[in-house]
Amino acid sequence: MEAEASQGTPGADERPEEAPAVVPLLEPADGVPPVVATPEALAATIAAFAAGTGPVAVDAERASGYRYGQRTYLVQLRREDAGTALIDPIMLPDLAELSDALVGVEWVLHAASQDLPGLAEQGMRPSRVFDTELAARLLGMERVGLAAVVADTLGLGLAKEHSAVDWSTRPLPPEWLRYAALDVEVLVEVRQVLAERLAVSGKAEWARQEFEAVRTAPPPAPRAEPWRRVSGLHNVRDARRLAVVRELYATRDRNARERDISPGRVLPDTAIVAAAQALPRTVGQLVALPSFAGKGTRRRAALWQSAIDRAMALPESELPATRGPASDGPPPPRVWPDRDPEAARRLAAARELVLGLSVAHTVPVENLLQPDLLRRLCWSPPRPLDAAAVAATLTAGGARAWQVELLADGLATALAAD
């Protein structure tokens, strides 16, 4: 009787099975290698990785929030039969020979789009990529950060306490180097598990196309008016104050570039907006603002006041428009019901279709189709409105073949419905 009862519905006093414990990953299996910082050490590393086998795990550390731009300050690699290498790209800025030694080898990265631009500056360009973050997204995993993916696939706990440190620091502390080595320690093993899951779910070809799109993506076009991304700009409404924001932004950017410091550390966005709202006429009035009370900000108060003065002296014809630059895209969807009710209906129908496919295939909506491309399709649909025309529009907009195959027929029907 007890055996029969145990096979039925669990009783109220029975606890659900606990999730398997995550085992902390504290030390690299081979220890923390010395930093490669000389041509001789780099030559030995190149030879070792050229003789290695299988995919190569690759990672890069930047100093976001500390330094100007997205320069790479440490490159980590690991490959079977080669071990782990930690390379200082400040001492060794040209890593093209290392890249050449890995031609044809699959590079395994997590969130490759973040690291590839910086690696390219060092001459490192992969011929094949496996992106573990993208794979996790296509598999519908709820958490796609590296630590979460390592825990899910291997049951290992990867500490991330040094992810936001200043990697331009020299010498790099031993605990940071340990963290950096661990970031590539099990990346190839994670790749193997995710590749198996992709194959079982029928998404291996989807992933291949996504990885190739990331690998070959061109650099983003520069923004026409980057100063309009200042946080809190929505509180600045008239053209004169917008001119102050623009001039302070440009002055801050020049100063940050010259000093190689993150612009936000030179002058916070909150200070730029506060100055634009207050329109101080003197340095004294400027430093009386709470957001200009810091030592560094006060030390350069004359620089900021000069920028404000230049903006205040501009003729009306040189003031910025109160609206942003014209875009070739459709207007914000919130105005569609008034401006084009039929387009609003198409967008609602298309979104419902994409959401349904997202749920059915456990893929995030934004990975099924770029939201901007969907809006463009709904605002200006092709004529004739059939599956072939929709497919051509999606392809021209950068959609991958698997996305077109999955979406074109359904979107054509949804857009054409009365």
# chains A, B, ... in the order shown; residues from 1 in each chain; ligands from 1
>>> residues_around(residues="region 336-348 of chain A", least_positions_apart="3", cutoff="8 Å", atoms="only C-alpha atoms", output="list in words")
Pro331, Pro332, Pro333, Arg351, Glu352, Leu374, Arg375, Cys378, Trp379, Ala414, Leu415 and Ala416 of chain A
>>> write_last_selection(atoms="all heavy atoms", output="CSV table (one decimal), in the first residue's frame")
chain,number,residue,atom,x,y,z
A,331,PRO,N,6.5,57.1,-37.8
A,331,PRO,CA,6.4,57.8,-36.6
A,331,PRO,C,6.2,56.9,-35.4
A,331,PRO,O,6.0,55.7,-35.6
A,331,PRO,CB,5.1,58.7,-36.8
A,331,PRO,CG,4.4,57.9,-37.8
A,331,PRO,CD,5.4,57.3,-38.7
A,332,PRO,N,6.2,57.4,-34.2
A,332,PRO,CA,6.0,56.5,-33.0
A,332,PRO,C,4.6,55.8,-33.1
A,332,PRO,O,3.7,56.5,-33.5
A,332,PRO,CB,6.1,57.4,-31.8
A,332,PRO,CG,6.9,58.6,-32.3
A,332,PRO,CD,6.5,58.7,-33.8
A,333,PRO,N,4.5,54.5,-32.7
A,333,PRO,CA,3.2,53.8,-32.9
A,333,PRO,C,2.1,54.5,-32.1
A,333,PRO,O,0.9,54.3,-32.5
A,333,PRO,CB,3.6,52.4,-32.3
A,333,PRO,CG,5.0,52.3,-32.6
A,333,PRO,CD,5.6,53.6,-32.4
A,351,ARG,N,1.8,42.3,-34.5
A,351,ARG,CA,2.3,42.0,-33.2
A,351,ARG,C,1.7,40.8,-32.6
A,351,ARG,O,2.4,40.0,-31.9
A,351,ARG,CB,2.1,43.2,-32.3
A,351,ARG,CG,3.1,44.4,-32.6
A,351,ARG,CD,2.8,45.6,-31.7
A,351,ARG,NE,3.9,46.6,-31.7
A,351,ARG,CZ,3.8,47.8,-31.2
A,351,ARG,NH1,2.6,48.2,-30.6
A,351,ARG,NH2,4.8,48.6,-31.2
A,352,GLU,N,0.4,40.6,-32.8
A,352,GLU,CA,-0.2,39.4,-32.2
A,352,GLU,C,0.3,38.2,-32.8
A,352,GLU,O,0.6,37.2,-32.1
A,352,GLU,CB,-1.8,39.5,-32.5
A,352,GLU,CG,-2.5,38.4,-31.9
A,352,GLU,CD,-4.0,38.5,-32.1
A,352,GLU,OE1,-4.5,39.5,-32.6
A,352,GLU,OE2,-4.8,37.6,-31.6
A,374,LEU,N,9.6,45.5,-38.1
A,374,LEU,CA,8.1,45.2,-38.1
A,374,LEU,C,7.3,46.4,-38.3
A,374,LEU,O,6.3,46.5,-39.0
A,374,LEU,CB,7.8,44.5,-36.8
A,374,LEU,CG,6.3,44.0,-36.7
A,374,LEU,CD1,6.0,43.0,-37.7
A,374,LEU,CD2,6.0,43.5,-35.3
A,375,ARG,N,7.7,47.5,-37.6
A,375,ARG,CA,7.0,48.8,-37.7
A,375,ARG,C,7.1,49.3,-39.1
A,375,ARG,O,6.0,49.8,-39.7
A,375,ARG,CB,7.5,49.8,-36.7
A,375,ARG,CG,7.2,49.5,-35.3
A,375,ARG,CD,7.5,50.6,-34.4
A,375,ARG,NE,8.9,50.9,-34.3
A,375,ARG,CZ,9.7,50.4,-33.4
A,375,ARG,NH1,9.2,49.5,-32.4
A,375,ARG,NH2,11.0,50.7,-33.3
A,378,CYS,N,4.7,47.4,-41.4
A,378,CYS,CA,3.3,47.7,-41.2
A,378,CYS,C,2.9,49.1,-41.6
A,378,CYS,O,1.8,49.4,-42.0
A,378,CYS,CB,3.0,47.5,-39.7
A,378,CYS,SG,3.1,45.8,-39.1
A,379,TRP,N,3.8,50.1,-41.5
A,379,TRP,CA,3.5,51.4,-41.9
A,379,TRP,C,3.5,51.6,-43.4
A,379,TRP,O,2.6,52.3,-44.0
A,379,TRP,CB,4.6,52.4,-41.3
A,379,TRP,CG,4.3,53.8,-41.6
A,379,TRP,CD1,5.0,54.6,-42.5
A,379,TRP,CD2,3.4,54.7,-41.0
A,379,TRP,NE1,4.5,55.9,-42.4
A,379,TRP,CE2,3.5,56.0,-41.5
A,379,TRP,CE3,2.4,54.5,-40.0
A,379,TRP,CZ2,2.7,57.0,-41.1
A,379,TRP,CZ3,1.6,55.5,-39.6
A,379,TRP,CH2,1.7,56.8,-40.2
A,414,ALA,N,-1.9,38.5,-42.0
A,414,ALA,CA,-2.3,39.4,-41.0
A,414,ALA,C,-2.4,40.8,-41.5
A,414,ALA,O,-3.4,41.6,-41.2
A,414,ALA,CB,-1.3,39.4,-39.8
A,415,LEU,N,-1.5,41.3,-42.3
A,415,LEU,CA,-1.5,42.6,-42.8
A,415,LEU,C,-2.7,42.9,-43.8
A,415,LEU,O,-3.2,44.0,-44.0
A,415,LEU,CB,-0.2,43.0,-43.5
A,415,LEU,CG,1.1,42.9,-42.6
A,415,LEU,CD1,2.3,43.3,-43.4
A,415,LEU,CD2,0.9,43.9,-41.4
A,416,ALA,N,-3.0,41.8,-44.6
A,416,ALA,CA,-4.0,42.0,-45.6
A,416,ALA,C,-5.5,41.8,-45.1
A,416,ALA,O,-6.4,42.1,-45.8
A,416,ALA,CB,-3.8,41.0,-46.7
>>> residues_around(residues="Gln209 (chain A)", least_positions_apart="3", cutoff="9 Å", atoms="only C-alpha atoms", output="list in words")
Ala204, Glu205, Trp206, Glu212, Ala213, Val214, Arg400, Ala401 and Trp402 of chain A
>>> select_by_dssp(residues="region 138-169 of chain A", states="helix (DSSP H, G or I)", output="PDB file with N, CA and C atoms, in the first residue's frame")
ATOM      1  N   LEU A 138      17.782  32.067 -28.109  1.00  0.00           N
ATOM      2  CA  LEU A 138      17.015  31.264 -29.057  1.00  0.00           C
ATOM      3  C   LEU A 138      16.392  30.051 -28.388  1.00  0.00           C
ATOM      4  N   LEU A 146      26.189  35.398 -18.499  1.00  0.00           N
ATOM      5  CA  LEU A 146      27.130  34.283 -18.529  1.00  0.00           C
ATOM      6  C   LEU A 146      27.019  33.408 -17.283  1.00  0.00           C
ATOM      7  N   ALA A 147      26.959  34.021 -16.102  1.00  0.00           N
ATOM      8  CA  ALA A 147      26.882  33.235 -14.869  1.00  0.00           C
ATOM      9  C   ALA A 147      25.631  32.364 -14.857  1.00  0.00           C
ATOM     10  N   ALA A 148      24.509  32.919 -15.291  1.00  0.00           N
ATOM     11  CA  ALA A 148      23.262  32.152 -15.304  1.00  0.00           C
ATOM     12  C   ALA A 148      23.322  31.008 -16.302  1.00  0.00           C
ATOM     13  N   VAL A 149      23.912  31.234 -17.467  1.00  0.00           N
ATOM     14  CA  VAL A 149      23.997  30.190 -18.484  1.00  0.00           C
ATOM     15  C   VAL A 149      24.950  29.083 -18.041  1.00  0.00           C
ATOM     16  N   VAL A 150      26.063  29.444 -17.398  1.00  0.00           N
ATOM     17  CA  VAL A 150      26.989  28.437 -16.884  1.00  0.00           C
ATOM     18  C   VAL A 150      26.305  27.586 -15.818  1.00  0.00           C
ATOM     19  N   ALA A 151      25.537  28.223 -14.948  1.00  0.00           N
ATOM     20  CA  ALA A 151      24.829  27.477 -13.906  1.00  0.00           C
ATOM     21  C   ALA A 151      23.797  26.543 -14.510  1.00  0.00           C
ATOM     22  N   ASP A 152      23.072  27.014 -15.514  1.00  0.00           N
ATOM     23  CA  ASP A 152      22.016  26.208 -16.133  1.00  0.00           C
ATOM     24  C   ASP A 152      22.587  25.018 -16.893  1.00  0.00           C
ATOM     25  N   THR A 153      23.672  25.223 -17.612  1.00  0.00           N
ATOM     26  CA  THR A 153      24.197  24.169 -18.487  1.00  0.00           C
ATOM     27  C   THR A 153      25.144  23.210 -17.778  1.00  0.00           C
ATOM     28  N   LEU A 154      25.944  23.717 -16.839  1.00  0.00           N
ATOM     29  CA  LEU A 154      26.978  22.891 -16.215  1.00  0.00           C
ATOM     30  C   LEU A 154      26.816  22.729 -14.711  1.00  0.00           C
TER      31      LEU A 154
END
>>> closest_residue(among="A:Met91, A:Leu368, A:Ala307, A:Ala41", to="Arg170 (chain A)", atoms="only C-alpha atoms")
A:Met91
>>> closest_residue(among="A:Thr395, A:Ser168, A:Thr322, A:Thr45", to="Leu74 (chain A)", atoms="only C-alpha atoms")
A:Ser168
>>> atom_distance(atom1="CA of Leu279 (chain A)", atom2="CA of Pro325 (chain A)")
24.2 Å
>>> closest_residue(among="A:Arg62, A:Arg310, A:Arg178, A:Arg208", to="Thr132 (chain A)", atoms="only C-alpha atoms")
A:Arg208
>>> closest_residue(among="A:Asp183, A:Glu175, A:Asp238, A:Glu121", to="Gly145 (chain A)", atoms="only C-alpha atoms")
A:Asp183
>>> closest_residue(among="A:Thr216, A:Thr53, A:Gln403, A:Ser64", to="Asp260 (chain A)", atoms="only C-alpha atoms")
A:Ser64
